[in-house]
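Each remark here refers to the structure printed beneath this line.
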Amino acid sequence: MFGPEPWSELAGRSWSYWDLWFSAVVVSDHAGGMDELEAHLVGGLRSPLGGREGVEAKLSHLSDLRSRIGDAGLSPADIATPEVLTDKRMLAKARKKVNDSWLEGRALTPAMVETPRVRLVRRSRYGHWSAFPVDPGLYYKSFRRHVQVKDHISKYKSFAAVDRVEERLRSLDRPSLSAAQRLALYRGFHTAGLELADRTDDSHGNVGQLRVGAWRTYLGIDWQAAGISAEDYWADVCDLVVFEPYALDHQEETLHWRRVPTGQAELIASYLLNLATECRTNYLDYQAEEALQQLAWLAVAGRRFGQYVDAATRLGSEHWMPIEAMAESALRSGRRELALEVFRAADRPGFHQEHLRRRCLALTGVDIGDENHVQQPKLRVVRGQGGRS
(Lines give C-alpha, C1' and ligand atoms only; values in the text may rest on other atoms or scores of the structure.)
Protein backbone atom coordinates (compact mmCIF):
# COMPACT_ATOMS: atom_id res chain seq x y z
CA MET A 1 0.00 0.00 0.00
CA PHE A 2 1.32 3.46 -0.92
CA GLY A 3 0.71 6.20 1.58
CA PRO A 4 -0.22 6.02 5.27
CA GLU A 5 -2.44 3.05 6.01
CA PRO A 6 -5.84 3.99 7.53
CA TRP A 7 -6.43 2.62 11.02
CA SER A 8 -9.88 3.76 12.16
CA GLU A 9 -12.64 6.34 12.02
CA LEU A 10 -13.11 8.51 15.10
CA ALA A 11 -15.05 11.74 15.66
CA GLY A 12 -15.99 11.76 11.98
CA ARG A 13 -12.35 11.67 10.87
CA SER A 14 -10.00 9.07 9.47
CA TRP A 15 -6.89 8.25 11.52
CA SER A 16 -3.84 6.44 10.21
CA TYR A 17 -1.65 3.88 11.91
CA TRP A 18 0.96 6.61 12.29
CA ASP A 19 -1.62 8.56 14.31
CA LEU A 20 -2.19 5.48 16.46
CA TRP A 21 1.52 4.82 16.97
CA PHE A 22 2.30 8.42 17.91
CA SER A 23 -0.66 8.58 20.30
CA ALA A 24 0.30 5.27 21.92
CA VAL A 25 3.86 6.45 22.57
CA VAL A 26 2.62 9.79 23.91
CA VAL A 27 0.25 8.11 26.37
CA SER A 28 2.46 5.19 27.43
CA ASP A 29 5.90 6.83 27.53
CA HIS A 30 5.29 10.57 27.91
CA ALA A 31 2.37 10.80 30.35
CA GLY A 32 0.06 11.93 27.57
CA GLY A 33 2.13 14.99 26.82
CA MET A 34 2.83 15.71 23.16
CA ASP A 35 5.32 18.38 24.21
CA GLU A 36 7.38 15.69 25.96
CA LEU A 37 7.48 13.54 22.83
CA GLU A 38 8.44 16.59 20.78
CA ALA A 39 11.34 17.30 23.15
CA HIS A 40 12.44 13.67 22.86
CA LEU A 41 12.44 13.83 19.07
CA VAL A 42 14.31 17.15 19.08
CA GLY A 43 17.01 15.50 21.17
CA GLY A 44 17.49 12.97 18.38
CA LEU A 45 17.39 15.73 15.79
CA ARG A 46 20.39 17.43 17.38
CA SER A 47 22.31 14.23 18.02
CA PRO A 48 25.45 13.89 15.85
CA LEU A 49 24.53 10.23 15.25
CA GLY A 50 20.94 10.87 14.22
CA GLY A 51 19.50 11.39 10.76
CA ARG A 52 17.77 14.75 10.34
CA GLU A 53 15.44 13.85 7.50
CA GLY A 54 13.54 11.14 9.35
CA VAL A 55 13.28 13.08 12.60
CA GLU A 56 12.14 16.24 10.80
CA ALA A 57 9.44 14.17 9.11
CA LYS A 58 8.25 12.81 12.47
CA LEU A 59 8.24 16.24 14.07
CA SER A 60 6.17 17.49 11.17
CA HIS A 61 3.67 14.65 11.61
CA LEU A 62 3.51 15.27 15.36
CA SER A 63 2.70 18.93 14.76
CA ASP A 64 0.00 17.98 12.26
CA LEU A 65 -1.41 15.34 14.61
CA ARG A 66 -1.54 17.87 17.45
CA SER A 67 -3.56 20.22 15.24
CA ARG A 68 -5.97 17.53 14.02
CA ILE A 69 -6.54 16.12 17.50
CA GLY A 70 -7.26 19.60 18.80
CA ASP A 71 -9.66 20.37 15.95
CA ALA A 72 -11.54 17.13 16.66
CA GLY A 73 -11.81 17.94 20.37
CA LEU A 74 -9.89 14.79 21.30
CA SER A 75 -6.74 13.85 23.18
CA PRO A 76 -4.08 11.20 22.43
CA ALA A 77 -5.76 8.99 25.06
CA ASP A 78 -8.94 8.97 22.98
CA ILE A 79 -6.99 7.31 20.17
CA ALA A 80 -4.62 5.15 22.22
CA THR A 81 -7.25 3.73 24.58
CA PRO A 82 -6.44 1.29 27.41
CA GLU A 83 -7.55 -1.56 25.15
CA VAL A 84 -5.00 -0.47 22.56
CA LEU A 85 -2.20 -0.04 25.10
CA THR A 86 -2.64 -3.54 26.52
CA ASP A 87 -1.66 -4.97 23.15
CA LYS A 88 2.05 -5.50 23.82
CA ARG A 89 2.91 -6.26 20.20
CA MET A 90 1.22 -3.10 18.99
CA LEU A 91 2.92 -0.98 21.64
CA ALA A 92 6.33 -2.41 20.80
CA LYS A 93 5.74 -1.68 17.12
CA ALA A 94 4.60 1.86 17.93
CA ARG A 95 7.79 2.55 19.89
CA LYS A 96 9.92 1.14 17.08
CA LYS A 97 8.13 3.20 14.43
CA VAL A 98 8.35 6.46 16.38
CA ASN A 99 11.93 6.01 17.60
CA ASP A 100 13.63 4.54 14.53
CA SER A 101 15.45 7.09 12.38
CA TRP A 102 14.58 5.25 9.15
CA LEU A 103 11.29 5.84 7.36
CA GLU A 104 9.80 3.86 4.50
CA GLY A 105 9.17 6.32 1.69
CA ARG A 106 5.91 4.80 0.47
CA ALA A 107 4.33 4.93 3.95
CA LEU A 108 4.91 8.63 4.64
CA THR A 109 1.97 10.78 5.70
CA PRO A 110 1.35 14.08 3.88
CA ALA A 111 2.86 15.96 6.83
CA MET A 112 5.98 13.79 6.69
CA VAL A 113 6.43 14.68 3.04
CA GLU A 114 5.60 18.37 3.45
CA THR A 115 8.04 19.16 6.27
CA PRO A 116 8.83 22.76 7.20
CA ARG A 117 12.18 22.41 5.42
CA VAL A 118 10.49 21.29 2.21
CA ARG A 119 7.98 24.14 2.36
CA LEU A 120 10.58 26.82 3.10
CA VAL A 121 13.00 25.60 0.43
CA ARG A 122 10.15 25.59 -2.09
CA ARG A 123 9.19 29.10 -1.02
CA SER A 124 12.77 30.27 -1.51
CA ARG A 125 12.92 28.84 -5.02
CA TYR A 126 9.43 29.61 -6.36
CA GLY A 127 7.31 31.19 -3.64
CA HIS A 128 7.79 34.88 -4.44
CA TRP A 129 7.40 34.70 -8.23
CA SER A 130 3.85 36.05 -8.22
CA ALA A 131 5.22 39.38 -6.93
CA PHE A 132 7.42 39.91 -10.02
CA PRO A 133 6.05 42.18 -12.76
CA VAL A 134 7.00 39.46 -15.28
CA ASP A 135 6.63 35.87 -14.11
CA PRO A 136 10.06 34.18 -13.78
CA GLY A 137 8.28 30.89 -14.44
CA LEU A 138 7.92 31.84 -18.10
CA TYR A 139 11.70 31.80 -18.46
CA TYR A 140 12.25 28.94 -16.04
CA LYS A 141 10.36 26.69 -18.46
CA SER A 142 13.04 27.38 -21.06
CA PHE A 143 15.63 25.64 -18.88
CA ARG A 144 13.59 22.72 -17.59
CA ARG A 145 14.58 20.18 -20.22
CA HIS A 146 18.23 20.97 -19.55
CA VAL A 147 18.12 20.71 -15.77
CA GLN A 148 15.29 18.29 -14.95
CA VAL A 149 17.13 15.26 -16.28
CA LYS A 150 16.35 11.67 -15.37
CA ASP A 151 19.82 10.55 -14.34
CA HIS A 152 22.49 12.12 -12.18
CA ILE A 153 24.98 14.17 -14.22
CA SER A 154 28.55 12.98 -13.66
CA LYS A 155 31.39 15.47 -13.29
CA TYR A 156 32.60 14.55 -16.77
CA LYS A 157 29.21 15.26 -18.36
CA SER A 158 28.69 18.42 -16.33
CA PHE A 159 30.67 20.54 -18.81
CA ALA A 160 28.30 19.70 -21.66
CA ALA A 161 25.27 20.30 -19.41
CA VAL A 162 26.58 23.69 -18.32
CA ASP A 163 27.38 24.66 -21.92
CA ARG A 164 23.81 23.89 -23.00
CA VAL A 165 22.26 25.86 -20.14
CA GLU A 166 24.65 28.79 -20.59
CA GLU A 167 23.97 28.92 -24.32
CA ARG A 168 20.23 28.98 -23.63
CA LEU A 169 20.68 31.81 -21.13
CA ARG A 170 22.69 33.89 -23.59
CA SER A 171 20.17 33.36 -26.35
CA LEU A 172 17.36 34.61 -24.12
CA ASP A 173 19.25 37.63 -22.75
CA ARG A 174 18.57 39.91 -25.71
CA PRO A 175 19.21 43.69 -25.74
CA SER A 176 15.52 44.28 -26.39
CA LEU A 177 14.48 42.90 -23.01
CA SER A 178 13.03 45.35 -20.51
CA ALA A 179 14.33 45.54 -16.94
CA ALA A 180 11.31 43.55 -15.78
CA GLN A 181 11.97 40.83 -18.36
CA ARG A 182 15.68 40.59 -17.51
CA LEU A 183 14.84 40.40 -13.82
CA ALA A 184 12.42 37.54 -14.53
CA LEU A 185 14.92 35.80 -16.85
CA TYR A 186 17.77 35.71 -14.35
CA ARG A 187 15.45 34.92 -11.45
CA GLY A 188 14.01 31.98 -13.35
CA PHE A 189 17.52 30.87 -14.23
CA HIS A 190 18.61 31.06 -10.59
CA THR A 191 16.10 28.38 -9.61
CA ALA A 192 17.00 26.34 -12.70
CA GLY A 193 20.67 26.64 -11.72
CA LEU A 194 19.87 25.35 -8.23
CA GLU A 195 18.10 22.35 -9.74
CA LEU A 196 21.03 21.73 -12.06
CA ALA A 197 23.38 21.79 -9.06
CA ASP A 198 21.08 19.34 -7.25
CA ARG A 199 21.49 16.84 -10.08
CA THR A 200 25.16 17.33 -10.90
CA ASP A 201 28.53 16.23 -9.57
CA ASP A 202 30.13 19.67 -9.53
CA SER A 203 33.62 18.53 -8.53
CA HIS A 204 35.11 20.80 -11.19
CA GLY A 205 33.05 23.79 -10.02
CA ASN A 206 31.72 24.70 -13.46
CA VAL A 207 28.09 24.69 -12.31
CA GLY A 208 29.04 26.94 -9.42
CA GLN A 209 30.90 29.35 -11.69
CA LEU A 210 27.91 29.62 -14.00
CA ARG A 211 25.59 30.26 -11.06
CA VAL A 212 27.86 32.88 -9.47
CA GLY A 213 28.14 34.81 -12.73
CA ALA A 214 24.38 34.78 -13.28
CA TRP A 215 23.72 35.76 -9.65
CA ARG A 216 25.99 38.78 -9.96
CA THR A 217 24.11 39.79 -13.10
CA TYR A 218 20.80 39.38 -11.32
CA LEU A 219 21.87 41.53 -8.39
CA GLY A 220 23.05 44.22 -10.81
CA ILE A 221 19.68 44.57 -12.56
CA ASP A 222 17.75 47.71 -11.68
CA TRP A 223 14.91 45.98 -9.87
CA GLN A 224 13.25 49.25 -8.93
CA ALA A 225 12.96 50.18 -12.62
CA ALA A 226 11.51 46.70 -13.19
CA GLY A 227 8.58 47.60 -10.94
CA ILE A 228 8.85 45.10 -8.10
CA SER A 229 8.32 46.40 -4.58
CA ALA A 230 11.21 46.57 -2.13
CA GLU A 231 9.38 44.30 0.32
CA ASP A 232 8.92 41.55 -2.27
CA TYR A 233 12.36 41.86 -3.83
CA TRP A 234 14.27 41.68 -0.56
CA ALA A 235 12.07 38.94 0.91
CA ASP A 236 12.94 36.83 -2.13
CA VAL A 237 16.66 37.59 -1.85
CA CYS A 238 16.70 36.84 1.89
CA ASP A 239 15.02 33.46 1.38
CA LEU A 240 17.41 32.56 -1.42
CA VAL A 241 20.49 33.52 0.58
CA VAL A 242 19.47 31.75 3.78
CA PHE A 243 18.48 28.53 1.99
CA GLU A 244 21.40 28.53 -0.48
CA PRO A 245 22.98 25.06 -0.16
CA TYR A 246 26.09 25.49 -2.34
CA ALA A 247 28.06 28.40 -0.80
CA LEU A 248 27.26 30.79 -3.62
CA ASP A 249 28.70 33.70 -1.63
CA HIS A 250 32.03 32.04 -0.73
CA GLN A 251 34.59 34.81 -0.12
CA GLU A 252 31.95 37.35 -1.21
CA GLU A 253 29.73 37.28 1.85
CA THR A 254 28.53 40.87 1.42
CA LEU A 255 27.70 40.45 -2.28
CA HIS A 256 23.92 40.38 -1.79
CA TRP A 257 23.85 43.60 0.23
CA ARG A 258 26.18 45.93 -1.67
CA ARG A 259 23.42 47.72 -3.58
CA VAL A 260 20.85 48.26 -0.83
CA PRO A 261 19.16 51.66 -1.35
CA THR A 262 19.13 54.15 1.49
CA GLY A 263 16.51 53.35 4.09
CA GLN A 264 15.95 49.73 3.05
CA ALA A 265 18.51 48.02 5.30
CA GLU A 266 16.00 48.10 8.16
CA LEU A 267 13.44 46.35 5.96
CA ILE A 268 15.94 43.58 5.17
CA ALA A 269 17.04 43.25 8.80
CA SER A 270 13.43 42.88 9.94
CA TYR A 271 12.79 40.12 7.41
CA LEU A 272 15.99 38.29 8.38
CA LEU A 273 15.07 38.40 12.05
CA ASN A 274 11.60 37.03 11.34
CA LEU A 275 13.10 34.36 9.10
CA ALA A 276 15.54 33.36 11.85
CA THR A 277 12.61 32.98 14.26
CA GLU A 278 10.61 30.99 11.73
CA CYS A 279 13.52 28.62 11.12
CA ARG A 280 14.27 28.23 14.83
CA THR A 281 10.62 27.47 15.56
CA ASN A 282 10.81 24.64 13.03
CA TYR A 283 14.16 23.40 14.38
CA LEU A 284 16.07 24.47 11.27
CA ASP A 285 18.98 25.66 13.38
CA TYR A 286 21.52 25.96 10.57
CA GLN A 287 19.26 28.26 8.55
CA ALA A 288 18.34 30.28 11.65
CA GLU A 289 22.04 30.88 12.32
CA GLU A 290 22.58 31.75 8.65
CA ALA A 291 19.89 34.42 8.85
CA LEU A 292 21.62 35.96 11.88
CA GLN A 293 24.98 35.88 10.08
CA GLN A 294 23.41 37.74 7.17
CA LEU A 295 22.48 40.54 9.58
CA ALA A 296 26.19 41.00 10.23
CA TRP A 297 27.13 40.90 6.54
CA LEU A 298 24.34 43.40 5.80
CA ALA A 299 25.82 45.75 8.39
CA VAL A 300 29.37 45.32 7.06
CA ALA A 301 28.31 45.88 3.44
CA GLY A 302 26.83 49.28 4.31
CA ARG A 303 29.27 50.13 7.11
CA ARG A 304 26.30 50.42 9.44
CA PHE A 305 28.46 50.66 12.55
CA GLY A 306 25.50 51.13 14.86
CA GLN A 307 24.35 47.57 14.10
CA TYR A 308 27.68 45.81 14.73
CA VAL A 309 27.35 45.17 18.45
CA ASP A 310 23.75 43.95 18.19
CA ALA A 311 24.73 41.55 15.39
CA ALA A 312 27.69 40.25 17.40
CA THR A 313 25.51 39.79 20.48
CA ARG A 314 23.06 37.65 18.52
CA LEU A 315 25.83 35.50 17.02
CA GLY A 316 28.06 34.91 20.01
CA SER A 317 31.20 32.91 19.28
CA GLU A 318 29.65 30.18 17.12
CA HIS A 319 30.60 32.00 13.89
CA TRP A 320 33.97 33.70 13.72
CA MET A 321 33.96 35.15 10.19
CA PRO A 322 31.25 37.83 10.57
CA ILE A 323 32.58 38.81 14.01
CA GLU A 324 36.08 39.28 12.66
CA ALA A 325 34.77 41.10 9.58
CA MET A 326 32.86 43.61 11.70
CA ALA A 327 35.86 44.21 13.94
CA GLU A 328 38.20 44.73 10.97
CA SER A 329 35.66 47.06 9.35
CA ALA A 330 35.57 49.13 12.54
CA LEU A 331 39.36 49.25 12.74
CA ARG A 332 39.68 50.39 9.11
CA SER A 333 37.50 53.36 10.05
CA GLY A 334 39.61 54.16 13.10
CA ARG A 335 37.00 52.82 15.54
CA ARG A 336 39.13 50.68 17.83
CA GLU A 337 36.67 50.87 20.73
CA LEU A 338 33.88 49.61 18.48
CA ALA A 339 36.04 46.68 17.40
CA LEU A 340 36.59 45.84 21.07
CA GLU A 341 32.86 46.10 21.75
CA VAL A 342 32.18 43.66 18.90
CA PHE A 343 34.62 41.09 20.30
CA ARG A 344 33.28 41.56 23.83
CA ALA A 345 29.67 41.19 22.67
CA ALA A 346 30.50 37.86 21.03
CA ASP A 347 32.64 36.62 23.91
CA ARG A 348 30.55 33.88 25.42
CA PRO A 349 30.96 30.08 25.41
CA GLY A 350 30.92 28.78 21.85
CA PHE A 351 32.89 26.88 19.26
CA HIS A 352 35.17 29.79 18.29
CA GLN A 353 35.47 31.67 21.58
CA GLU A 354 39.21 31.08 22.00
CA HIS A 355 39.92 31.89 18.35
CA LEU A 356 38.05 35.19 18.62
CA ARG A 357 39.91 36.06 21.80
CA ARG A 358 43.21 35.50 20.01
CA ARG A 359 42.08 37.60 17.05
CA CYS A 360 40.98 40.39 19.38
CA LEU A 361 44.41 40.40 21.01
CA ALA A 362 46.14 40.42 17.62
CA LEU A 363 43.98 43.20 16.17
CA THR A 364 43.45 45.46 19.18
CA GLY A 365 46.14 44.49 21.67
CA VAL A 366 43.52 43.71 24.31
CA ASP A 367 43.15 40.27 25.90
CA ILE A 368 39.42 40.08 26.58
CA GLY A 369 39.85 36.59 28.00
CA ASP A 370 42.02 38.07 30.73
CA GLU A 371 39.43 40.82 31.26
CA ASN A 372 36.74 38.24 31.93
CA HIS A 373 39.01 36.37 34.28
CA VAL A 374 39.70 39.53 36.28
CA GLN A 375 36.01 40.34 36.50
CA GLN A 376 35.20 37.00 38.12
CA PRO A 377 34.96 37.16 41.95
CA LYS A 378 37.89 35.62 43.75
CA LEU A 379 37.29 32.81 46.21
CA ARG A 380 38.11 33.59 49.85
CA VAL A 381 39.58 30.89 52.05
CA VAL A 382 37.79 30.77 55.41
CA ARG A 383 39.57 28.83 58.12
CA GLY A 384 37.49 27.18 60.79
CA GLN A 385 38.34 25.43 64.01
CA GLY A 386 41.20 22.98 63.90
CA GLY A 387 42.81 24.77 60.97
CA ARG A 388 40.39 23.23 58.46
CA SER A 389 39.27 25.30 55.47
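Each chain of the C-alpha coordinates is named A, B, ... in the order shown, its residues numbered from 1; ligands are numbered from 1 in display order.
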Please provide the set of residues having any atom within 7 Å of Leu272 (chain A), restricted to only C-alpha atoms, with same-chain residues fewer than 3 positions apart removed, written as a PDB file with N, CA and C atoms, in the first residue's frame.
ATOM      1  N   CYS A 238      16.399  37.394   0.561  1.00  0.00           N
ATOM      2  CA  CYS A 238      16.701  36.841   1.889  1.00  0.00           C
ATOM      3  C   CYS A 238      16.451  35.331   1.927  1.00  0.00           C
ATOM      4  N   ILE A 268      15.260  44.867   5.333  1.00  0.00           N
ATOM      5  CA  ILE A 268      15.944  43.578   5.173  1.00  0.00           C
ATOM      6  C   ILE A 268      16.223  42.952   6.533  1.00  0.00           C
ATOM      7  N   ALA A 269      16.721  43.760   7.468  1.00  0.00           N
ATOM      8  CA  ALA A 269      17.037  43.249   8.798  1.00  0.00           C
ATOM      9  C   ALA A 269      15.795  42.681   9.479  1.00  0.00           C
ATOM     10  N   LEU A 275      12.737  35.626   9.725  1.00  0.00           N
ATOM     11  CA  LEU A 275      13.095  34.355   9.102  1.00  0.00           C
ATOM     12  C   LEU A 275      13.885  33.487  10.073  1.00  0.00           C
ATOM     13  N   ALA A 276      14.787  34.108  10.844  1.00  0.00           N
ATOM     14  CA  ALA A 276      15.541  33.355  11.852  1.00  0.00           C
ATOM     15  C   ALA A 276      14.597  32.734  12.875  1.00  0.00           C
ATOM     16  N   ALA A 291      20.621  33.151   8.907  1.00  0.00           N
ATOM     17  CA  ALA A 291      19.891  34.420   8.848  1.00  0.00           C
ATOM     18  C   ALA A 291      20.526  35.457   9.773  1.00  0.00           C
ATOM     19  N   LEU A 295      22.634  39.222   8.939  1.00  0.00           N
ATOM     20  CA  LEU A 295      22.479  40.538   9.576  1.00  0.00           C
ATOM     21  C   LEU A 295      23.841  41.217   9.729  1.00  0.00           C
TER      22      LEU A 295
END
Residues within 12 Å of region 348-356 of chain A, please, as a PyMOL selection string. Count only C-alpha atoms; anything in the same chain fewer than 3 positions from it doesn't count.
chain A and resi 312-325+327+339-340+342-345+359-364+366-370+372
I'd like to know which residues of region 97-312 of chain A are alpha helix (DSSP H) (by DSSP, run on the backbone); could you write them as an MDAnalysis selection string?
chainID A and resid 97:99 110:113 116:122 136:147 158:172 179:198 206:220 223:226 230:242 265:281 285:301 308:312
I want to know what sits within 7 Å of Gly54 (chain A), based on only C-alpha atoms, with residues of the same chain fewer than 6 positions away left out; could you give that as a short mmCIF file (atom, residue, chain, number, x, y, z; two decimals) with C-alpha atoms, in the first residue's frame?
data_model
loop_
_atom_site.label_atom_id
_atom_site.label_comp_id
_atom_site.auth_asym_id
_atom_site.auth_seq_id
_atom_site.Cartn_x
_atom_site.Cartn_y
_atom_site.Cartn_z
CA SER A 101 15.45 7.09 12.38
CA TRP A 102 14.58 5.25 9.15
CA LEU A 103 11.29 5.84 7.36
#
Neighbouring residues of region 223-234 of chain A were defined as those with any atom within 6 Å, considering only C-alpha atoms; residues of the same chain fewer than 5 positions away were excluded. Please report them as a PyMOL selection string.
chain A and resi 132+179-180
Atoms to include: N, CA and C atoms. Write the selected residues as a tab-separated table (two decimals), in the first residue's frame.
chain	number	residue	atom	x	y	z
A	132	PHE	N	6.61	39.31	-8.95
A	132	PHE	CA	7.42	39.91	-10.02
A	132	PHE	C	6.51	40.46	-11.12
A	179	ALA	N	13.77	45.87	-18.25
A	179	ALA	CA	14.33	45.54	-16.94
A	179	ALA	C	13.49	44.47	-16.25
A	180	ALA	N	12.18	44.54	-16.40
A	180	ALA	CA	11.31	43.55	-15.78
A	180	ALA	C	11.53	42.17	-16.38
